[in-house]
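S.K.: The structure that follows is given in the form of structure tokens.
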Number of protein chains: 2
Amino acid sequence: MGSKVRTITITDVAEKAGVSKSTVSQYLNKRYEYMGEETKERIAKSINELGYKPNLIGRSLKQKTSTTIGVIVANISHEFSTQIVKSIEDYCNASDFHIIVCNAEDDPKKEKKYIDMLRAKQIEGIIVFPTSTNINLYKELTEEDYPLVFIDRDVPEVDVSSIMLDNKKAAALAVEEFITKGYSNLGIVTNTTTNNVTPRIERVNGFIEALSVNGLEVNGDYIKSVGVDKINSELEKMMRLKMPPEAILAGNDLVLAEILKFVKHHQLKIPEDLAVIGIDDVSYASIYNPELTTVAQPTSDMGKEAAELLLNRIKGNHMERTNYYYEPTLMKRSSC
Amino acid sequence: MGSKVRTITITDVAEKAGVSKSTVSQYLNKRYEYMGEETKERIAKSINELGYKPNLIGRSLKQKTSTTIGVIVANISHEFSTQIVKSIEDYCNASDFHIIVCNAEDDPKKEKKYIDMLRAKQIEGIIVFPTSTNINLYKELTEEDYPLVFIDRDVPEVDVSSIMLDNKKAAALAVEEFITKGYSNLGIVTNTTTNNVTPRIERVNGFIEALSVNGLEVNGDYIKSVGVDKINSELEKMMRLKMPPEAILAGNDLVLAEILKFVKHHQLKIPEDLAVIGIDDVSYASIYNPELTTVAQPTSDMGKEAAELLLNRIKGNHMERTNYYYEPTLMKRSSC
DNA sequence: TTGTATGCGTTATCAC
DNA sequence: GTGATAACGCATACAA
């Protein structure tokens, strides 16, 4: 371990205290019940003097637990991800669990690699932002009864609980706000939906439903799901229509950034020339000019729930698969 | 690990293949030299059929290595931190090392807790954004020859290499840009420097030096290092001076956000009423109105260097303590 | 109340 | 070329 000093073990403590290894082990695990006061003190003293630190690897091997869970985020560059991670960590910290954060970078291969690694390290469970391409891998894990919780996205084919935003409602909130402000030609731009990432699909569906419910016409030209690199050209097309949209809902933070770039480049005014709402309450929403109206996710609650669910599951409380839908919040500002 | 299925081990593979554990172990560790082709094949077959996955905990215990390093970030909410983490991860990934990310939230107690935990888990080394309050802890680690690398901040009292921005130069770049654009009453606002966080101090010093070098007067009223919650009131004071500053350098992303809030609240125009440059190239710099001139850190190079340094150290190449100063880049945009 | 013996899954030594 | 055996650091059943 890099240290030249011989690492000191429970045996050293035992010798120094003049007791056996097992007694020291009992002490470490706070099974004081039948232990003499004097023994306790001698052990405590030896531990201190030797600077003994228990080796968790030894313990893990014996007990087959590691008090550690893994978190595989789809892409750590999203603010959403770091907020969730922070919340998971808070909860785990309070429960004396550790977390290993892995960044799959939207790559199923990397995701698989990390899952394998975490299992090999005897990590007790994983919270995943699933890529939806590793369905068979997820199935394998559930068949082996390996504790797993999804967050942000759902994988219907697999029997795993998922913590999600109520994406339909998020879109509906935005649509209603647009309508309240007097817009009726509404558009939505999201990342590509071809790889079945559920939030994107649900947001588009929620958007369409909300239009219908509010008696507005659905215009296919105003609905685009494309890769981030193609957003700009799609916006070009959309805004050159005879009747361009008056307002656009951005499916996430990256899409929002693309839209703002477009607006800036064409020197449009928000909201006069184009009204905008973004899903995800980006860090600069309230300092942007104009301030950006957004739909916020309760990341803190969502992360906590995911961690709680997983830890309970690890502690043996088996529970049925449930999807948890969290309420989005409209942050009214001035971009609409 | 939660699986009801009995976990299958090297022994099972050995039995099934009709060889001994040692032979299987050799195979796993690719010491094929004296191994019969046929034996290899039988082992490979057994591994496949049984779905055997090596248990890294067992290996760790025996070999006293974990091929894992820890990264303790001061505060994961800074974009800077996630960029660094991403870069470290890339490097480690390529070297088949794993990383455990911990978030100290600027709390030395948490930092200590994480360091203890990582060591107990036999993690082979740590990259830290140091809080500067755990000096004795760092000293202990170096005395035990435990691999450690600092990033972002320096701790002069401790014999550990550090990867940093050339903070003085960063401040100087901003000052020069201000001067080029014709401003001469320059100010700087940073987070509080009372807790000895070196970048903040260096940025202020660099700022002052750059003023002198360029023949400008240093005005103490224009130089503020205060907690984030006090920035607004300090700005109020500063801008109410008979002669307020024409331009302000923001010490980091959080300070920049506060300044932008202030500007917005007072309906000032950037750069006409107040020119602004921020250290840290925030994600919204190029979409803000106006686009924000910033000083960028080469996060990718910095993270890579930190990882490389630590991994080399772990592999035994002892090296003298060195501080690495990385070149900042001025991102010329329109806020100045 | 404490000690002895054994095993967790792996690798390393050395004999065969 | 391959296999017995011990060891890593710890926890636990059982004995004392």
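We name chains A, B, ... following the order of the structure tokens; residues begin at 1 in each chain, and ligands are numbered from 1 as shown.
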Output, as an mmCIF file with C-alpha atoms, in the first residue's frame, the coordinates of chain B following least-squares superposition onto chain A across all in-order C-alpha pairs.

M.R.:
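Result went into result.cif, see below:
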```cif
data_model
loop_
_atom_site.group_PDB
_atom_site.id
_atom_site.type_symbol
_atom_site.label_atom_id
_atom_site.label_comp_id
_atom_site.auth_asym_id
_atom_site.auth_seq_id
_atom_site.Cartn_x
_atom_site.Cartn_y
_atom_site.Cartn_z
ATOM 1 C CA MET B 1 -0.231 0.139 0.489
ATOM 2 C CA GLY B 2 2.794 2.131 -0.409
ATOM 3 C CA SER B 3 3.828 2.438 3.195
ATOM 4 C CA LYS B 4 7.205 1.122 4.075
ATOM 5 C CA VAL B 5 6.066 0.730 7.644
ATOM 6 C CA ARG B 6 4.772 -2.763 8.209
ATOM 7 C CA THR B 7 1.043 -2.511 8.335
ATOM 8 C CA ILE B 8 -0.203 -3.300 11.768
ATOM 9 C CA THR B 9 -3.049 -5.715 12.202
ATOM 10 C CA ILE B 10 -5.446 -7.025 14.712
ATOM 11 C CA THR B 11 -2.838 -9.573 15.704
ATOM 12 C CA ASP B 12 -0.420 -6.867 16.783
ATOM 13 C CA VAL B 13 -3.088 -5.259 18.886
ATOM 14 C CA ALA B 14 -3.918 -8.602 20.451
ATOM 15 C CA GLU B 15 -0.318 -9.337 21.321
ATOM 16 C CA LYS B 16 0.309 -5.936 22.763
ATOM 17 C CA ALA B 17 -2.832 -6.085 24.846
ATOM 18 C CA GLY B 18 -2.107 -9.611 25.927
ATOM 19 C CA VAL B 19 -5.418 -10.961 24.649
ATOM 20 C CA SER B 20 -6.483 -13.002 21.656
ATOM 21 C CA LYS B 21 -7.455 -11.783 18.199
ATOM 22 C CA SER B 22 -11.025 -12.787 18.802
ATOM 23 C CA THR B 23 -11.317 -10.590 21.820
ATOM 24 C CA VAL B 24 -9.986 -7.637 19.920
ATOM 25 C CA SER B 25 -12.412 -8.355 17.122
ATOM 26 C CA GLN B 26 -15.274 -8.408 19.587
ATOM 27 C CA TYR B 27 -14.132 -5.107 20.928
ATOM 28 C CA LEU B 28 -13.955 -3.605 17.481
ATOM 29 C CA ASN B 29 -17.442 -4.762 16.725
ATOM 30 C CA LYS B 30 -18.727 -3.383 19.975
ATOM 31 C CA ARG B 31 -19.820 -6.699 21.370
ATOM 32 C CA TYR B 32 -18.914 -5.628 24.850
ATOM 33 C CA GLU B 33 -21.496 -7.721 26.656
ATOM 34 C CA TYR B 34 -19.229 -10.180 28.361
ATOM 35 C CA MET B 35 -16.054 -8.174 28.251
ATOM 36 C CA GLY B 36 -14.160 -7.022 31.309
ATOM 37 C CA GLU B 37 -13.719 -3.308 31.771
ATOM 38 C CA GLU B 38 -10.035 -3.768 32.226
ATOM 39 C CA THR B 39 -9.706 -5.787 29.030
ATOM 40 C CA LYS B 40 -11.531 -3.106 27.108
ATOM 41 C CA GLU B 41 -9.186 -0.480 28.392
ATOM 42 C CA ARG B 42 -6.061 -2.430 27.559
ATOM 43 C CA ILE B 43 -7.297 -3.021 24.037
ATOM 44 C CA ALA B 44 -8.231 0.614 23.566
ATOM 45 C CA LYS B 45 -4.790 1.621 24.757
ATOM 46 C CA SER B 46 -2.995 -0.749 22.404
ATOM 47 C CA ILE B 47 -5.068 0.399 19.469
ATOM 48 C CA ASN B 48 -4.198 3.961 20.210
ATOM 49 C CA GLU B 49 -0.525 3.441 20.749
ATOM 50 C CA LEU B 50 -0.104 1.327 17.659
ATOM 51 C CA GLY B 51 -2.313 3.548 15.567
ATOM 52 C CA TYR B 52 -4.238 0.538 14.435
ATOM 53 C CA LYS B 53 -6.794 0.990 11.630
ATOM 54 C CA PRO B 54 -9.012 -1.954 10.706
ATOM 55 C CA ASN B 55 -8.511 -3.279 7.198
ATOM 56 C CA LEU B 56 -11.877 -3.199 5.480
ATOM 57 C CA ILE B 57 -10.725 -5.607 2.809
ATOM 58 C CA GLY B 58 -10.211 -8.339 5.341
ATOM 59 C CA ARG B 59 -13.613 -7.694 6.791
ATOM 60 C CA SER B 60 -15.247 -7.636 3.379
ATOM 61 C CA LEU B 61 -13.790 -10.971 2.458
ATOM 62 C CA LYS B 62 -15.074 -12.565 5.601
ATOM 63 C CA GLN B 63 -18.442 -10.919 5.836
ATOM 64 C CA LYS B 64 -19.165 -10.641 2.142
ATOM 65 C CA THR B 65 -20.250 -7.069 2.529
ATOM 66 C CA SER B 66 -18.514 -3.853 1.584
ATOM 67 C CA THR B 67 -20.949 -1.180 2.814
ATOM 68 C CA THR B 68 -20.429 0.412 -0.546
ATOM 69 C CA ILE B 69 -22.799 1.064 -3.417
ATOM 70 C CA GLY B 70 -22.070 2.187 -6.950
ATOM 71 C CA VAL B 71 -23.631 5.059 -8.865
ATOM 72 C CA ILE B 72 -23.351 4.965 -12.632
ATOM 73 C CA VAL B 73 -24.315 8.286 -14.131
ATOM 74 C CA ALA B 74 -25.117 8.533 -17.809
ATOM 75 C CA ASN B 75 -23.074 11.678 -18.180
ATOM 76 C CA ILE B 76 -21.454 13.524 -15.344
ATOM 77 C CA SER B 77 -21.420 16.758 -17.337
ATOM 78 C CA HIS B 78 -25.113 17.338 -16.747
ATOM 79 C CA GLU B 79 -25.761 19.450 -13.711
ATOM 80 C CA PHE B 80 -28.668 17.157 -13.036
ATOM 81 C CA SER B 81 -26.280 14.251 -12.527
ATOM 82 C CA THR B 82 -24.055 15.982 -10.021
ATOM 83 C CA GLN B 83 -27.047 17.163 -8.046
ATOM 84 C CA ILE B 84 -28.380 13.633 -7.842
ATOM 85 C CA VAL B 85 -24.991 12.266 -6.886
ATOM 86 C CA LYS B 86 -24.663 14.800 -4.131
ATOM 87 C CA SER B 87 -28.008 13.825 -2.709
ATOM 88 C CA ILE B 88 -27.276 10.117 -2.873
ATOM 89 C CA GLU B 89 -24.012 10.743 -1.138
ATOM 90 C CA ASP B 90 -25.657 12.670 1.661
ATOM 91 C CA TYR B 91 -28.015 9.840 2.377
ATOM 92 C CA CYS B 92 -25.337 7.167 2.220
ATOM 93 C CA ASN B 93 -23.031 9.182 4.373
ATOM 94 C CA ALA B 94 -25.660 9.276 7.087
ATOM 95 C CA SER B 95 -26.101 5.508 6.796
ATOM 96 C CA ASP B 96 -22.373 4.797 6.866
ATOM 97 C CA PHE B 97 -22.338 3.554 3.344
ATOM 98 C CA HIS B 98 -19.766 4.580 0.784
ATOM 99 C CA ILE B 99 -20.343 5.294 -2.855
ATOM 100 C CA ILE B 100 -18.293 4.810 -5.969
ATOM 101 C CA VAL B 101 -19.269 7.183 -8.748
ATOM 102 C CA CYS B 102 -18.764 6.049 -12.333
ATOM 103 C CA ASN B 103 -19.345 8.032 -15.484
ATOM 104 C CA ALA B 104 -20.662 5.969 -18.394
ATOM 105 C CA GLU B 105 -20.552 8.888 -20.806
ATOM 106 C CA ASP B 106 -23.672 7.614 -22.542
ATOM 107 C CA ASP B 107 -21.719 4.582 -23.657
ATOM 108 C CA PRO B 108 -23.342 1.189 -22.976
ATOM 109 C CA LYS B 109 -19.959 -0.522 -23.279
ATOM 110 C CA LYS B 110 -18.539 1.625 -20.545
ATOM 111 C CA GLU B 111 -21.648 1.070 -18.496
ATOM 112 C CA LYS B 112 -21.201 -2.670 -18.755
ATOM 113 C CA LYS B 113 -17.554 -2.436 -17.892
ATOM 114 C CA TYR B 114 -18.359 -0.494 -14.759
ATOM 115 C CA ILE B 115 -21.112 -2.844 -13.696
ATOM 116 C CA ASP B 116 -18.752 -5.798 -14.024
ATOM 117 C CA MET B 117 -16.088 -3.981 -12.093
ATOM 118 C CA LEU B 118 -18.433 -3.014 -9.294
ATOM 119 C CA ARG B 119 -19.682 -6.547 -8.911
ATOM 120 C CA ALA B 120 -16.166 -7.925 -8.896
ATOM 121 C CA LYS B 121 -15.370 -5.511 -6.097
ATOM 122 C CA GLN B 122 -18.307 -6.935 -4.140
ATOM 123 C CA ILE B 123 -20.188 -3.652 -4.216
ATOM 124 C CA GLU B 124 -23.554 -4.319 -2.634
ATOM 125 C CA GLY B 125 -25.829 -2.574 -5.082
ATOM 126 C CA ILE B 126 -25.976 -0.034 -7.885
ATOM 127 C CA ILE B 127 -27.981 3.046 -8.788
ATOM 128 C CA VAL B 128 -27.945 3.472 -12.556
ATOM 129 C CA PHE B 129 -28.973 6.123 -15.019
ATOM 130 C CA PRO B 130 -29.602 3.327 -17.532
ATOM 131 C CA THR B 131 -28.522 3.544 -21.166
ATOM 132 C CA SER B 132 -31.354 1.202 -22.160
ATOM 133 C CA THR B 133 -29.098 -0.844 -24.395
ATOM 134 C CA ASN B 134 -27.880 -3.225 -21.742
ATOM 135 C CA ILE B 135 -31.269 -4.756 -21.118
ATOM 136 C CA ASN B 136 -29.904 -8.278 -20.975
ATOM 137 C CA LEU B 137 -27.282 -7.274 -18.494
ATOM 138 C CA TYR B 138 -29.919 -5.704 -16.250
ATOM 139 C CA LYS B 139 -31.997 -8.858 -16.547
ATOM 140 C CA GLU B 140 -29.052 -10.987 -15.519
ATOM 141 C CA LEU B 141 -28.521 -8.847 -12.460
ATOM 142 C CA THR B 142 -32.139 -9.009 -11.373
ATOM 143 C CA GLU B 143 -32.181 -12.744 -11.910
ATOM 144 C CA GLU B 144 -29.270 -13.038 -9.542
ATOM 145 C CA ASP B 145 -31.236 -10.833 -7.186
ATOM 146 C CA TYR B 146 -28.592 -8.153 -7.269
ATOM 147 C CA PRO B 147 -29.819 -4.853 -5.747
ATOM 148 C CA LEU B 148 -30.426 -2.340 -8.496
ATOM 149 C CA VAL B 149 -32.327 0.927 -8.762
ATOM 150 C CA PHE B 150 -32.808 3.060 -11.849
ATOM 151 C CA ILE B 151 -32.966 6.792 -11.812
ATOM 152 C CA ASP B 152 -33.991 9.383 -14.390
ATOM 153 C CA ARG B 153 -34.930 6.711 -16.894
ATOM 154 C CA ASP B 154 -37.132 3.676 -16.943
ATOM 155 C CA VAL B 155 -36.518 0.314 -18.598
ATOM 156 C CA PRO B 156 -39.939 -1.294 -18.918
ATOM 157 C CA GLU B 157 -38.530 -4.693 -19.891
ATOM 158 C CA VAL B 158 -36.698 -5.076 -16.613
ATOM 159 C CA ASP B 159 -38.087 -5.682 -13.148
ATOM 160 C CA VAL B 160 -36.353 -2.794 -11.414
ATOM 161 C CA SER B 161 -37.806 0.204 -9.591
ATOM 162 C CA SER B 162 -37.133 3.572 -11.083
ATOM 163 C CA ILE B 163 -37.056 7.127 -9.759
ATOM 164 C CA MET B 164 -38.192 9.570 -12.373
ATOM 165 C CA LEU B 165 -39.548 12.989 -13.002
ATOM 166 C CA ASP B 166 -43.191 13.106 -13.986
ATOM 167 C CA ASN B 167 -42.065 14.039 -17.452
ATOM 168 C CA LYS B 168 -45.500 14.385 -18.949
ATOM 169 C CA LYS B 169 -46.442 16.795 -16.265
ATOM 170 C CA ALA B 170 -43.214 18.720 -16.765
ATOM 171 C CA ALA B 171 -44.086 19.233 -20.403
ATOM 172 C CA ALA B 172 -47.669 20.097 -19.501
ATOM 173 C CA LEU B 173 -46.545 22.732 -16.994
ATOM 174 C CA ALA B 174 -44.519 24.405 -19.691
ATOM 175 C CA VAL B 175 -47.342 24.238 -22.221
ATOM 176 C CA GLU B 176 -49.792 25.735 -19.759
ATOM 177 C CA GLU B 177 -47.398 28.522 -18.918
ATOM 178 C CA PHE B 178 -46.954 29.295 -22.597
ATOM 179 C CA ILE B 179 -50.713 29.399 -23.064
ATOM 180 C CA THR B 180 -51.204 31.609 -20.021
ATOM 181 C CA LYS B 181 -48.765 34.028 -21.521
ATOM 182 C CA GLY B 182 -50.771 34.080 -24.743
ATOM 183 C CA TYR B 183 -48.729 31.916 -27.085
ATOM 184 C CA SER B 184 -50.437 29.334 -29.226
ATOM 185 C CA ASN B 185 -47.895 28.143 -31.788
ATOM 186 C CA LEU B 186 -45.797 25.940 -29.558
ATOM 187 C CA GLY B 187 -42.809 23.787 -30.363
ATOM 188 C CA ILE B 188 -40.568 21.325 -28.519
ATOM 189 C CA VAL B 189 -36.997 20.279 -29.201
ATOM 190 C CA THR B 190 -35.396 17.321 -27.474
ATOM 191 C CA ASN B 191 -32.423 15.101 -27.894
ATOM 192 C CA THR B 192 -32.939 12.204 -30.268
ATOM 193 C CA THR B 193 -35.498 9.656 -29.087
ATOM 194 C CA THR B 194 -34.287 6.825 -31.293
ATOM 195 C CA ASN B 195 -32.420 5.083 -28.495
ATOM 196 C CA ASN B 196 -35.507 4.785 -26.353
ATOM 197 C CA VAL B 197 -34.449 7.039 -23.555
ATOM 198 C CA THR B 198 -37.775 7.334 -21.818
ATOM 199 C CA PRO B 199 -37.725 10.922 -20.474
ATOM 200 C CA ARG B 200 -37.334 12.339 -23.933
ATOM 201 C CA ILE B 201 -40.209 10.320 -25.255
ATOM 202 C CA GLU B 202 -42.431 11.130 -22.313
ATOM 203 C CA ARG B 203 -41.696 14.808 -22.574
ATOM 204 C CA VAL B 204 -42.703 14.851 -26.216
ATOM 205 C CA ASN B 205 -45.829 12.838 -25.509
ATOM 206 C CA GLY B 206 -46.709 15.037 -22.570
ATOM 207 C CA PHE B 207 -46.257 18.054 -24.765
ATOM 208 C CA ILE B 208 -48.590 16.689 -27.430
ATOM 209 C CA GLU B 209 -51.211 15.649 -24.915
ATOM 210 C CA ALA B 210 -51.125 19.024 -23.230
ATOM 211 C CA LEU B 211 -51.715 20.712 -26.560
ATOM 212 C CA SER B 212 -54.770 18.540 -27.184
ATOM 213 C CA VAL B 213 -56.134 19.020 -23.702
ATOM 214 C CA ASN B 214 -55.900 22.749 -24.186
ATOM 215 C CA GLY B 215 -57.496 22.631 -27.584
ATOM 216 C CA LEU B 216 -54.393 23.537 -29.524
ATOM 217 C CA GLU B 217 -53.411 22.032 -32.822
ATOM 218 C CA VAL B 218 -50.415 19.716 -32.992
ATOM 219 C CA ASN B 219 -47.996 20.804 -35.682
ATOM 220 C CA GLY B 220 -45.422 18.175 -36.556
ATOM 221 C CA ASP B 221 -43.060 20.820 -37.898
ATOM 222 C CA TYR B 222 -42.735 22.192 -34.394
ATOM 223 C CA ILE B 223 -41.694 18.913 -32.811
ATOM 224 C CA LYS B 224 -38.104 17.858 -33.240
ATOM 225 C CA SER B 225 -36.036 15.155 -31.578
ATOM 226 C CA VAL B 226 -32.523 15.194 -32.964
ATOM 227 C CA GLY B 227 -28.914 14.879 -31.913
ATOM 228 C CA VAL B 228 -27.420 17.922 -30.246
ATOM 229 C CA ASP B 229 -25.275 18.638 -33.292
ATOM 230 C CA LYS B 230 -28.369 18.873 -35.489
ATOM 231 C CA ILE B 231 -30.433 21.116 -33.272
ATOM 232 C CA ASN B 232 -29.175 24.289 -34.829
ATOM 233 C CA SER B 233 -30.102 23.323 -38.367
ATOM 234 C CA GLU B 234 -33.513 22.109 -37.240
ATOM 235 C CA LEU B 235 -34.123 25.431 -35.554
ATOM 236 C CA GLU B 236 -33.130 27.184 -38.740
ATOM 237 C CA LYS B 237 -35.729 25.206 -40.618
ATOM 238 C CA MET B 238 -38.372 25.686 -37.991
ATOM 239 C CA MET B 239 -37.956 29.426 -37.729
ATOM 240 C CA ARG B 240 -38.025 29.841 -41.502
ATOM 241 C CA LEU B 241 -41.482 28.328 -41.803
ATOM 242 C CA LYS B 242 -44.156 30.679 -43.096
ATOM 243 C CA MET B 243 -45.619 30.432 -39.627
ATOM 244 C CA PRO B 244 -42.770 29.789 -37.187
ATOM 245 C CA PRO B 245 -43.454 28.786 -33.596
ATOM 246 C CA GLU B 246 -43.797 31.565 -31.056
ATOM 247 C CA ALA B 247 -42.481 29.513 -28.193
ATOM 248 C CA ILE B 248 -40.225 26.505 -27.774
ATOM 249 C CA LEU B 249 -39.809 24.048 -24.934
ATOM 250 C CA ALA B 250 -36.236 22.789 -24.509
ATOM 251 C CA GLY B 251 -36.124 19.128 -23.536
ATOM 252 C CA ASN B 252 -33.047 19.485 -21.323
ATOM 253 C CA ASP B 253 -30.118 21.720 -20.445
ATOM 254 C CA LEU B 254 -28.077 20.941 -23.550
ATOM 255 C CA VAL B 255 -30.972 21.643 -25.869
ATOM 256 C CA LEU B 256 -31.643 24.873 -24.057
ATOM 257 C CA ALA B 257 -28.056 25.968 -24.606
ATOM 258 C CA GLU B 258 -28.394 25.274 -28.323
ATOM 259 C CA ILE B 259 -31.569 27.290 -28.529
ATOM 260 C CA LEU B 260 -29.986 30.206 -26.705
ATOM 261 C CA LYS B 261 -27.044 30.055 -29.070
ATOM 262 C CA PHE B 262 -29.417 30.150 -32.023
ATOM 263 C CA VAL B 263 -31.352 33.057 -30.586
ATOM 264 C CA LYS B 264 -28.160 34.975 -29.934
ATOM 265 C CA HIS B 265 -26.808 34.311 -33.395
ATOM 266 C CA HIS B 266 -29.979 35.551 -35.047
ATOM 267 C CA GLN B 267 -30.296 38.429 -32.639
ATOM 268 C CA LEU B 268 -33.786 37.414 -31.673
ATOM 269 C CA LYS B 269 -35.342 38.805 -28.547
ATOM 270 C CA ILE B 270 -36.639 36.548 -25.792
ATOM 271 C CA PRO B 271 -39.547 36.350 -25.255
ATOM 272 C CA GLU B 272 -40.775 38.824 -27.882
ATOM 273 C CA ASP B 273 -39.412 37.022 -30.935
ATOM 274 C CA LEU B 274 -39.319 33.620 -29.326
ATOM 275 C CA ALA B 275 -40.463 32.508 -25.913
ATOM 276 C CA VAL B 276 -38.450 29.746 -24.240
ATOM 277 C CA ILE B 277 -38.859 27.356 -21.334
ATOM 278 C CA GLY B 278 -36.251 24.770 -20.399
ATOM 279 C CA ILE B 279 -36.665 21.528 -18.521
ATOM 280 C CA ASP B 280 -33.906 21.397 -15.848
ATOM 281 C CA ASP B 281 -33.304 24.441 -13.729
ATOM 282 C CA VAL B 282 -29.881 25.398 -15.078
ATOM 283 C CA SER B 283 -27.451 27.190 -12.783
ATOM 284 C CA TYR B 284 -27.538 30.388 -14.805
ATOM 285 C CA ALA B 285 -31.330 30.555 -15.151
ATOM 286 C CA SER B 286 -31.762 33.476 -12.799
ATOM 287 C CA ILE B 287 -28.768 35.466 -13.980
ATOM 288 C CA TYR B 288 -29.380 35.114 -17.692
ATOM 289 C CA ASN B 289 -30.762 38.032 -19.670
ATOM 290 C CA PRO B 290 -33.658 37.650 -19.621
ATOM 291 C CA GLU B 291 -34.092 35.353 -16.653
ATOM 292 C CA LEU B 292 -35.058 31.912 -17.856
ATOM 293 C CA THR B 293 -38.304 30.238 -17.003
ATOM 294 C CA THR B 294 -37.609 26.578 -16.328
ATOM 295 C CA VAL B 295 -39.156 23.394 -15.053
ATOM 296 C CA ALA B 296 -37.114 22.145 -12.111
ATOM 297 C CA GLN B 297 -36.652 18.568 -10.971
ATOM 298 C CA PRO B 298 -36.576 17.831 -7.222
ATOM 299 C CA THR B 299 -33.115 16.334 -7.493
ATOM 300 C CA SER B 300 -32.525 16.263 -3.797
ATOM 301 C CA ASP B 301 -35.638 14.205 -3.090
ATOM 302 C CA MET B 302 -35.035 11.967 -6.059
ATOM 303 C CA GLY B 303 -31.484 11.115 -5.087
ATOM 304 C CA LYS B 304 -32.501 10.480 -1.513
ATOM 305 C CA GLU B 305 -35.311 8.168 -2.558
ATOM 306 C CA ALA B 306 -33.025 6.200 -4.833
ATOM 307 C CA ALA B 307 -30.474 5.719 -2.090
ATOM 308 C CA GLU B 308 -33.091 4.849 0.480
ATOM 309 C CA LEU B 309 -34.669 2.312 -1.809
ATOM 310 C CA LEU B 310 -31.378 0.650 -2.617
ATOM 311 C CA LEU B 311 -30.150 0.540 0.948
ATOM 312 C CA ASN B 312 -33.400 -0.950 2.193
ATOM 313 C CA ARG B 313 -33.194 -3.516 -0.524
ATOM 314 C CA ILE B 314 -29.645 -4.357 0.493
ATOM 315 C CA LYS B 315 -30.704 -4.713 4.095
ATOM 316 C CA GLY B 316 -33.085 -7.379 2.952
ATOM 317 C CA ASN B 317 -36.452 -5.666 2.723
ATOM 318 C CA HIS B 318 -37.590 -7.050 -0.531
ATOM 319 C CA MET B 319 -40.005 -4.788 -2.331
ATOM 320 C CA GLU B 320 -42.061 -4.900 -5.448
ATOM 321 C CA ARG B 321 -40.968 -3.003 -8.465
ATOM 322 C CA THR B 322 -42.462 0.479 -8.376
ATOM 323 C CA ASN B 323 -41.931 3.521 -10.509
ATOM 324 C CA TYR B 324 -41.729 6.725 -8.544
ATOM 325 C CA TYR B 325 -42.758 9.842 -10.396
ATOM 326 C CA TYR B 326 -41.637 13.113 -8.912
ATOM 327 C CA GLU B 327 -43.424 16.425 -9.252
ATOM 328 C CA PRO B 328 -41.765 19.022 -11.457
ATOM 329 C CA THR B 329 -41.874 22.686 -10.397
ATOM 330 C CA LEU B 330 -42.373 25.594 -12.741
ATOM 331 C CA MET B 331 -39.840 28.320 -12.019
ATOM 332 C CA LYS B 332 -41.552 31.383 -13.422
ATOM 333 C CA ARG B 333 -39.089 33.922 -14.701
ATOM 334 C CA SER B 334 -38.980 36.076 -17.784
ATOM 335 C CA SER B 335 -38.217 34.051 -20.877
ATOM 336 C CA CYS B 336 -41.860 33.434 -21.593
#
```

S.K.: Please extract the residues of region 99-305 of chain B with a backbone DSSP assignment of alpha helix (DSSP H) and present them as a PyMOL selection string.

M.R.: chain B and resi 108-120+135-143+167-180+198-213+231-239+253-265+299-305

S.K.: Output the contact residues of chain C with respect to chain B at a cut-off of 7 Å, based on only C-alpha atoms (C1' of nucleotides), as a ChimeraX atom specification.

M.R.: /C:9-11

S.K.: Go ahead and write the selection's residues with C-alpha atoms (C1' of nucleotides) as a PDB file, in the first residue's frame.

M.R.:
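File selection_13.pdb, as written:
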```pdb
ATOM      1  C1'  DG C   9     -11.326 -16.141  -2.358  1.00  0.00           C
ATOM      2  C1'  DT C  10      -7.252 -15.239  -3.934  1.00  0.00           C
ATOM      3  C1'  DT C  11      -2.145 -15.616  -5.007  1.00  0.00           C
TER       4       DT C  11
END
```

S.K.: Among region 17-76 of chain B, which ones does DSSP assign to strand (DSSP E) (computed from the backbone)? Answer as number ranges by chain.

M.R.: B: 68-73

S.K.: Would you mind exporting the chosen residues as a short mmCIF file (atom, residue, chain, number, x, y, z; two decimals), in the first residue's frame, restricted to N, CA and C atoms?

M.R.:
```
data_model
loop_
_atom_site.label_atom_id
_atom_site.label_comp_id
_atom_site.auth_asym_id
_atom_site.auth_seq_id
_atom_site.Cartn_x
_atom_site.Cartn_y
_atom_site.Cartn_z
N THR B 68 -7.20 0.89 -7.29
CA THR B 68 -8.21 1.94 -7.13
C THR B 68 -7.58 3.14 -6.45
N ILE B 69 -7.89 4.32 -6.95
CA ILE B 69 -7.45 5.53 -6.26
C ILE B 69 -8.68 6.34 -5.86
N GLY B 70 -8.49 7.23 -4.92
CA GLY B 70 -9.58 8.09 -4.47
C GLY B 70 -9.39 9.50 -5.00
N VAL B 71 -10.50 10.20 -5.21
CA VAL B 71 -10.44 11.61 -5.57
C VAL B 71 -11.35 12.35 -4.61
N ILE B 72 -10.77 13.25 -3.83
CA ILE B 72 -11.60 14.01 -2.90
C ILE B 72 -11.72 15.43 -3.41
N VAL B 73 -12.88 15.77 -3.93
CA VAL B 73 -13.07 17.13 -4.44
C VAL B 73 -13.55 18.02 -3.31
#
```

S.K.: What are the residues of chain D that have an atom within 8 Å of an atom of chain A, counting only C-alpha atoms (C1' of nucleotides), as number ranges by chain?

M.R.: D: 9-11
